[in-house]
Amino acid sequence: ATSQATTAEPEESINTSALLTNPPCGSTLIRRSAFALPAASLTFKDLTFSLPAQRGRGPRVVLEPCSGHIEAGELVAIMGPSGCGKTTLLDMLAAKKTARYAGEVRVNGRHRDVLFRRIAAYVGQEDMMPAHWKVKEAIRFNAALKRQPKRAHQGVEEWIDLLLEAFSLTSVADTYIGGMEMKGISGGQRRRVTLARGVAAHASLLFCD
């Protein structure tokens, strides 16, 4: 799979992995991919979370009221020291927080509803995959599981090959994931497989912890 970059010069086909590792200058126009997803912006207002009072102690604030807006297509990093509430905020934004919290989250200006999970994917801190899976098989599982009827005309295998290339996993596509009792890919490759599986879900919003 290739991506097209357009400048004042004639169009040039750019390899996907090369486009990611060595992005062109800001004036370069990149042709929209056939696999491009619908745009989705995210707005959150006064998100806050506190642990309930226990053993005579009052409630403990884990996250002070936090507000922000993320435009569609933006890559945003939540940074801070350990224990400052980064994962708590991410879980609330991704609708993964099961405990009660305050505040509101909007997608494209509208309140988040039950359909939010169809356009969002979450990559956790732990890489949970069966050791007997092969790299390509792991990515194919997510691609097939989240395949949308409107995109049925687009080949799953083509999408998988693009992801393998983009995450530099083509050389280990047929290698086992591995684990404690089975030798497999390296830790860095394992993490890239997890990220590729998140992207394979065809989500407009991707949350990575």
# chains A, B, ... in the order shown; residues from 1 in each chain; ligands from 1
$ residues_around --residues "A:Val135" --least-positions-apart "6" --cutoff "10 Å" --atoms "only C-alpha atoms" --output "VMD selection string"
chain A and resid 129 164 169 to 178 184 to 185 189 to 190 193 to 194 196 to 197
$ write_last_selection --atoms "all heavy atoms" --output "compact mmCIF listing (two decimals), in the first residue's frame"
# COMPACT_ATOMS: atom_id res chain seq x y z
N MET A 129 -2.25 -10.78 24.69
CA MET A 129 -2.44 -11.54 23.46
C MET A 129 -2.03 -12.99 23.69
O MET A 129 -1.07 -13.26 24.42
CB MET A 129 -1.60 -10.95 22.32
CG MET A 129 -2.05 -9.59 21.83
SD MET A 129 -0.96 -8.93 20.53
CE MET A 129 0.48 -8.45 21.52
N LEU A 164 1.00 -3.63 8.84
CA LEU A 164 2.28 -4.31 9.05
C LEU A 164 3.43 -3.46 8.55
O LEU A 164 4.49 -3.36 9.19
CB LEU A 164 2.27 -5.67 8.33
CG LEU A 164 1.39 -6.76 8.93
CD1 LEU A 164 1.29 -7.94 7.98
CD2 LEU A 164 1.94 -7.22 10.28
N LEU A 169 6.43 -4.19 10.88
CA LEU A 169 6.22 -5.56 11.38
C LEU A 169 6.16 -6.59 10.25
O LEU A 169 5.90 -7.76 10.51
CB LEU A 169 4.91 -5.62 12.18
CG LEU A 169 4.87 -4.83 13.49
CD1 LEU A 169 3.45 -4.75 14.02
CD2 LEU A 169 5.80 -5.45 14.53
N THR A 170 6.40 -6.15 9.03
CA THR A 170 6.30 -7.05 7.89
C THR A 170 7.25 -8.24 8.02
O THR A 170 6.90 -9.38 7.70
CB THR A 170 6.61 -6.30 6.58
OG1 THR A 170 5.72 -5.17 6.47
CG2 THR A 170 6.41 -7.20 5.38
N SER A 171 8.45 -7.99 8.54
CA SER A 171 9.46 -9.05 8.64
C SER A 171 9.11 -10.11 9.68
O SER A 171 9.67 -11.21 9.66
CB SER A 171 10.83 -8.44 8.97
OG SER A 171 10.80 -7.76 10.22
N VAL A 172 8.20 -9.79 10.60
CA VAL A 172 7.82 -10.75 11.65
C VAL A 172 6.34 -11.11 11.55
O VAL A 172 5.74 -11.57 12.52
CB VAL A 172 8.13 -10.19 13.05
CG1 VAL A 172 9.63 -10.05 13.25
CG2 VAL A 172 7.43 -8.86 13.29
N ALA A 173 5.75 -10.90 10.39
CA ALA A 173 4.31 -11.13 10.22
C ALA A 173 3.91 -12.56 10.55
O ALA A 173 2.81 -12.81 11.07
CB ALA A 173 3.90 -10.79 8.78
N ASP A 174 4.78 -13.52 10.27
CA ASP A 174 4.47 -14.94 10.51
C ASP A 174 5.19 -15.49 11.74
O ASP A 174 5.33 -16.71 11.89
CB ASP A 174 4.83 -15.76 9.28
CG ASP A 174 3.97 -15.39 8.07
OD1 ASP A 174 2.75 -15.21 8.26
OD2 ASP A 174 4.51 -15.28 6.96
N THR A 175 5.62 -14.61 12.63
CA THR A 175 6.30 -15.01 13.86
C THR A 175 5.29 -15.04 15.01
O THR A 175 4.38 -14.21 15.08
CB THR A 175 7.43 -14.03 14.21
OG1 THR A 175 8.35 -13.96 13.11
CG2 THR A 175 8.18 -14.47 15.46
N TYR A 176 5.43 -16.00 15.90
CA TYR A 176 4.52 -16.11 17.04
C TYR A 176 4.71 -14.93 18.00
O TYR A 176 5.82 -14.43 18.16
CB TYR A 176 4.74 -17.41 17.79
CG TYR A 176 4.27 -18.64 17.04
CD1 TYR A 176 5.18 -19.53 16.47
CD2 TYR A 176 2.90 -18.92 16.91
CE1 TYR A 176 4.75 -20.66 15.78
CE2 TYR A 176 2.45 -20.04 16.22
CZ TYR A 176 3.38 -20.89 15.65
OH TYR A 176 2.94 -22.00 14.97
N ILE A 177 3.62 -14.53 18.64
CA ILE A 177 3.68 -13.48 19.65
C ILE A 177 4.59 -13.92 20.78
O ILE A 177 5.45 -13.17 21.27
CB ILE A 177 2.29 -13.14 20.20
CG1 ILE A 177 1.39 -12.58 19.07
CG2 ILE A 177 2.38 -12.14 21.35
CD1 ILE A 177 1.85 -11.27 18.49
N GLY A 178 4.41 -15.15 21.21
CA GLY A 178 5.27 -15.71 22.25
C GLY A 178 4.84 -15.29 23.65
O GLY A 178 3.90 -14.52 23.86
N GLY A 184 9.08 -15.70 21.17
CA GLY A 184 8.37 -14.96 20.13
C GLY A 184 9.07 -13.66 19.79
O GLY A 184 10.29 -13.57 19.81
N ILE A 185 8.28 -12.66 19.47
CA ILE A 185 8.82 -11.37 19.07
C ILE A 185 9.37 -10.61 20.27
O ILE A 185 9.12 -10.96 21.41
CB ILE A 185 7.73 -10.52 18.36
CG1 ILE A 185 6.51 -10.35 19.27
CG2 ILE A 185 7.32 -11.18 17.05
CD1 ILE A 185 5.42 -9.50 18.67
N GLN A 189 8.54 -4.99 19.53
CA GLN A 189 7.65 -5.45 18.47
C GLN A 189 6.28 -5.80 19.02
O GLN A 189 5.25 -5.52 18.40
CB GLN A 189 8.27 -6.66 17.77
CG GLN A 189 9.51 -6.33 16.96
CD GLN A 189 10.25 -7.57 16.51
OE1 GLN A 189 10.15 -8.64 17.13
NE2 GLN A 189 11.00 -7.45 15.43
N ARG A 190 6.27 -6.38 20.20
CA ARG A 190 5.00 -6.73 20.85
C ARG A 190 4.16 -5.48 21.10
O ARG A 190 2.94 -5.48 20.90
CB ARG A 190 5.30 -7.45 22.17
CG ARG A 190 4.07 -8.03 22.86
CD ARG A 190 4.45 -8.64 24.19
NE ARG A 190 3.32 -9.25 24.82
CZ ARG A 190 2.97 -10.53 24.71
NH1 ARG A 190 3.72 -11.34 23.96
NH2 ARG A 190 1.91 -11.01 25.32
N VAL A 193 2.69 -4.27 17.87
CA VAL A 193 1.55 -5.11 17.48
C VAL A 193 0.28 -4.64 18.19
O VAL A 193 -0.79 -4.54 17.59
CB VAL A 193 1.81 -6.60 17.79
CG1 VAL A 193 0.54 -7.42 17.56
CG2 VAL A 193 2.93 -7.13 16.92
N THR A 194 0.41 -4.33 19.48
CA THR A 194 -0.74 -3.85 20.25
C THR A 194 -1.27 -2.55 19.68
O THR A 194 -2.49 -2.35 19.56
CB THR A 194 -0.35 -3.66 21.73
OG1 THR A 194 0.14 -4.89 22.26
CG2 THR A 194 -1.54 -3.20 22.56
N ALA A 196 -0.86 -1.51 16.56
CA ALA A 196 -1.43 -1.83 15.24
C ALA A 196 -2.83 -2.41 15.38
O ALA A 196 -3.72 -2.12 14.57
CB ALA A 196 -0.52 -2.80 14.50
N ARG A 197 -3.05 -3.22 16.41
CA ARG A 197 -4.38 -3.78 16.64
C ARG A 197 -5.39 -2.69 16.99
O ARG A 197 -6.56 -2.75 16.60
CB ARG A 197 -4.33 -4.81 17.77
CG ARG A 197 -3.52 -6.06 17.44
CD ARG A 197 -3.55 -7.04 18.57
NE ARG A 197 -4.90 -7.57 18.76
CZ ARG A 197 -5.32 -8.14 19.88
NH1 ARG A 197 -4.51 -8.22 20.93
NH2 ARG A 197 -6.54 -8.61 19.96
$ residues_around --residues "A:Val62" --least-positions-apart "3" --cutoff "9 Å" --atoms "only C-alpha atoms" --output "PyMOL selection string"
chain A and resi 48-51+83-85+88
$ closest_residue --among "A:Asn22, A:Leu37, A:Arg191, A:Thr43" --to "A:Arg110" --atoms "only C-alpha atoms"
A:Thr43
$ residues_around --residues "A:Ile160" --least-positions-apart "5" --cutoff "9 Å" --atoms "only C-alpha atoms" --output "PyMOL selection string"
chain A and resi 136+139-140+143+155+165+196+200
$ write_last_selection --atoms "N, CA, C and O atoms" --output "short mmCIF file (atom, residue, chain, number, x, y, z; two decimals), in the first residue's frame"
data_model
loop_
_atom_site.label_atom_id
_atom_site.label_comp_id
_atom_site.auth_asym_id
_atom_site.auth_seq_id
_atom_site.Cartn_x
_atom_site.Cartn_y
_atom_site.Cartn_z
N LYS A 136 0.54 -11.39 12.28
CA LYS A 136 -0.49 -11.05 11.29
C LYS A 136 -1.87 -11.52 11.75
O LYS A 136 -2.88 -10.84 11.53
N ILE A 139 -3.36 -9.02 14.32
CA ILE A 139 -3.90 -7.80 13.70
C ILE A 139 -5.16 -8.12 12.92
O ILE A 139 -6.13 -7.35 12.93
N ARG A 140 -5.18 -9.27 12.25
CA ARG A 140 -6.36 -9.66 11.47
C ARG A 140 -7.58 -9.82 12.38
O ARG A 140 -8.70 -9.49 11.99
N ALA A 143 -9.01 -6.41 13.00
CA ALA A 143 -9.51 -5.83 11.76
C ALA A 143 -10.84 -6.46 11.36
O ALA A 143 -11.76 -5.77 10.91
N GLY A 155 -10.65 -4.41 1.10
CA GLY A 155 -10.08 -5.68 1.47
C GLY A 155 -9.41 -5.64 2.84
O GLY A 155 -8.61 -4.75 3.13
N GLU A 165 3.23 -2.83 7.41
CA GLU A 165 4.26 -1.96 6.84
C GLU A 165 4.45 -0.70 7.67
O GLU A 165 5.57 -0.31 7.98
N ALA A 196 -0.86 -1.51 16.56
CA ALA A 196 -1.43 -1.83 15.24
C ALA A 196 -2.83 -2.41 15.38
O ALA A 196 -3.72 -2.12 14.57
N ALA A 200 -6.17 -1.02 13.79
CA ALA A 200 -6.92 -1.95 12.93
C ALA A 200 -8.42 -1.89 13.21
O ALA A 200 -9.22 -2.29 12.37
#
$ closest_residue --among "A:Ile70, A:Ile78, A:Val105, A:Lys97" --to "A:Lys45" --atoms "only C-alpha atoms"
A:Val105
$ atom_distance --atom1 "atom CA of A:Gly124" --atom2 "atom CA of A:Phe207"
8.4 Å
$ closest_residue --among "A:Lys183, A:Asp161, A:Asp209, A:Ala166" --to "A:Leu89" --atoms "only C-alpha atoms"
A:Asp209
$ atom_distance --atom1 "atom CA of A:Ser82" --atom2 "atom CA of A:Gly188"
22.3 Å
$ atom_distance --atom1 "atom CA of A:Ile119" --atom2 "atom CA of A:Ser204"
5.3 Å
$ closest_residue --among "A:Glu64, A:Leu29, A:Gly73, A:Ala99" --to "A:Pro52" --atoms "only C-alpha atoms"
A:Ala99
$ residues_around --residues "A:His69" --least-positions-apart "5" --cutoff "8 Å" --atoms "only C-alpha atoms" --output "PyMOL selection string"
chain A and resi 41-44
$ closest_residue --among "A:Gly179, A:Pro81, A:Pro38, A:Gly58" --to "A:Met128" --atoms "only C-alpha atoms"
A:Gly179
$ select_by_dssp --residues "stretch 39-192 of chain A" --states "helix (DSSP H, G or I)" --output "PyMOL selection string"
chain A and resi 86-93+116-119+135-145+149-151+156-166+170-172+187-192
$ closest_residue --among "A:Glu181, A:Asp46, A:Val199, A:Pro23" --to "A:Gly103" --atoms "only C-alpha atoms"
A:Asp46
$ residues_around --residues "stretch 111-118 of chain A" --least-positions-apart "6" --cutoff "9 Å" --atoms "only C-alpha atoms" --output "list in words"
Ala94, Ala95, Glu104, Val105, Lys146, His202, Ala203 and Ser204 of chain A
$ write_last_selection --atoms "all heavy atoms" --output "PDB file, in the first residue's frame"
ATOM      1  N   ALA A  94     -12.079   7.973  27.364  1.00  0.00           N
ATOM      2  CA  ALA A  94     -12.334   6.794  26.544  1.00  0.00           C
ATOM      3  C   ALA A  94     -13.561   6.008  26.997  1.00  0.00           C
ATOM      4  O   ALA A  94     -13.848   4.943  26.455  1.00  0.00           O
ATOM      5  CB  ALA A  94     -11.107   5.887  26.554  1.00  0.00           C
ATOM      6  N   ALA A  95     -14.274   6.518  28.008  1.00  0.00           N
ATOM      7  CA  ALA A  95     -15.464   5.848  28.545  1.00  0.00           C
ATOM      8  C   ALA A  95     -15.114   4.485  29.130  1.00  0.00           C
ATOM      9  O   ALA A  95     -15.892   3.535  29.064  1.00  0.00           O
ATOM     10  CB  ALA A  95     -16.542   5.706  27.475  1.00  0.00           C
ATOM     11  N   GLU A 104     -18.435  16.425  31.691  1.00  0.00           N
ATOM     12  CA  GLU A 104     -19.065  15.985  30.454  1.00  0.00           C
ATOM     13  C   GLU A 104     -18.037  15.857  29.337  1.00  0.00           C
ATOM     14  O   GLU A 104     -17.021  16.551  29.320  1.00  0.00           O
ATOM     15  CB  GLU A 104     -20.168  16.950  30.024  1.00  0.00           C
ATOM     16  CG  GLU A 104     -19.699  18.364  29.718  1.00  0.00           C
ATOM     17  CD  GLU A 104     -20.832  19.236  29.202  1.00  0.00           C
ATOM     18  OE1 GLU A 104     -21.755  18.699  28.562  1.00  0.00           O
ATOM     19  OE2 GLU A 104     -20.780  20.448  29.432  1.00  0.00           O
ATOM     20  N   VAL A 105     -18.338  14.942  28.417  1.00  0.00           N
ATOM     21  CA  VAL A 105     -17.488  14.706  27.245  1.00  0.00           C
ATOM     22  C   VAL A 105     -18.370  14.781  26.008  1.00  0.00           C
ATOM     23  O   VAL A 105     -19.443  14.171  25.966  1.00  0.00           O
ATOM     24  CB  VAL A 105     -16.797  13.327  27.320  1.00  0.00           C
ATOM     25  CG1 VAL A 105     -15.938  13.103  26.077  1.00  0.00           C
ATOM     26  CG2 VAL A 105     -15.946  13.217  28.576  1.00  0.00           C
ATOM     27  N   LYS A 146     -13.798  -5.557  14.078  1.00  0.00           N
ATOM     28  CA  LYS A 146     -14.324  -4.197  14.015  1.00  0.00           C
ATOM     29  C   LYS A 146     -14.682  -3.759  12.605  1.00  0.00           C
ATOM     30  O   LYS A 146     -14.913  -2.576  12.361  1.00  0.00           O
ATOM     31  CB  LYS A 146     -13.288  -3.230  14.590  1.00  0.00           C
ATOM     32  CG  LYS A 146     -13.045  -3.388  16.087  1.00  0.00           C
ATOM     33  CD  LYS A 146     -14.219  -2.861  16.884  1.00  0.00           C
ATOM     34  CE  LYS A 146     -13.912  -2.854  18.371  1.00  0.00           C
ATOM     35  NZ  LYS A 146     -14.997  -2.232  19.145  1.00  0.00           N
ATOM     36  N   HIS A 202     -10.288   0.473  13.082  1.00  0.00           N
ATOM     37  CA  HIS A 202     -10.950   1.510  12.289  1.00  0.00           C
ATOM     38  C   HIS A 202     -11.661   2.526  13.188  1.00  0.00           C
ATOM     39  O   HIS A 202     -12.829   2.871  12.959  1.00  0.00           O
ATOM     40  CB  HIS A 202     -11.969   0.897  11.324  1.00  0.00           C
ATOM     41  CG  HIS A 202     -11.342   0.282  10.094  1.00  0.00           C
ATOM     42  ND1 HIS A 202     -10.754   1.029   9.119  1.00  0.00           N
ATOM     43  CD2 HIS A 202     -11.226  -1.007   9.712  1.00  0.00           C
ATOM     44  CE1 HIS A 202     -10.285   0.235   8.173  1.00  0.00           C
ATOM     45  NE2 HIS A 202     -10.553  -1.006   8.521  1.00  0.00           N
ATOM     46  N   ALA A 203     -10.965   2.991  14.200  1.00  0.00           N
ATOM     47  CA  ALA A 203     -11.557   3.953  15.137  1.00  0.00           C
ATOM     48  C   ALA A 203     -11.129   5.385  14.790  1.00  0.00           C
ATOM     49  O   ALA A 203      -9.964   5.636  14.515  1.00  0.00           O
ATOM     50  CB  ALA A 203     -11.134   3.618  16.557  1.00  0.00           C
ATOM     51  N   SER A 204     -12.081   6.284  14.828  1.00  0.00           N
ATOM     52  CA  SER A 204     -11.767   7.692  14.597  1.00  0.00           C
ATOM     53  C   SER A 204     -11.029   8.302  15.778  1.00  0.00           C
ATOM     54  O   SER A 204     -10.305   9.276  15.632  1.00  0.00           O
ATOM     55  CB  SER A 204     -13.060   8.478  14.335  1.00  0.00           C
ATOM     56  OG  SER A 204     -13.695   8.032  13.141  1.00  0.00           O
TER      57      SER A 204
END
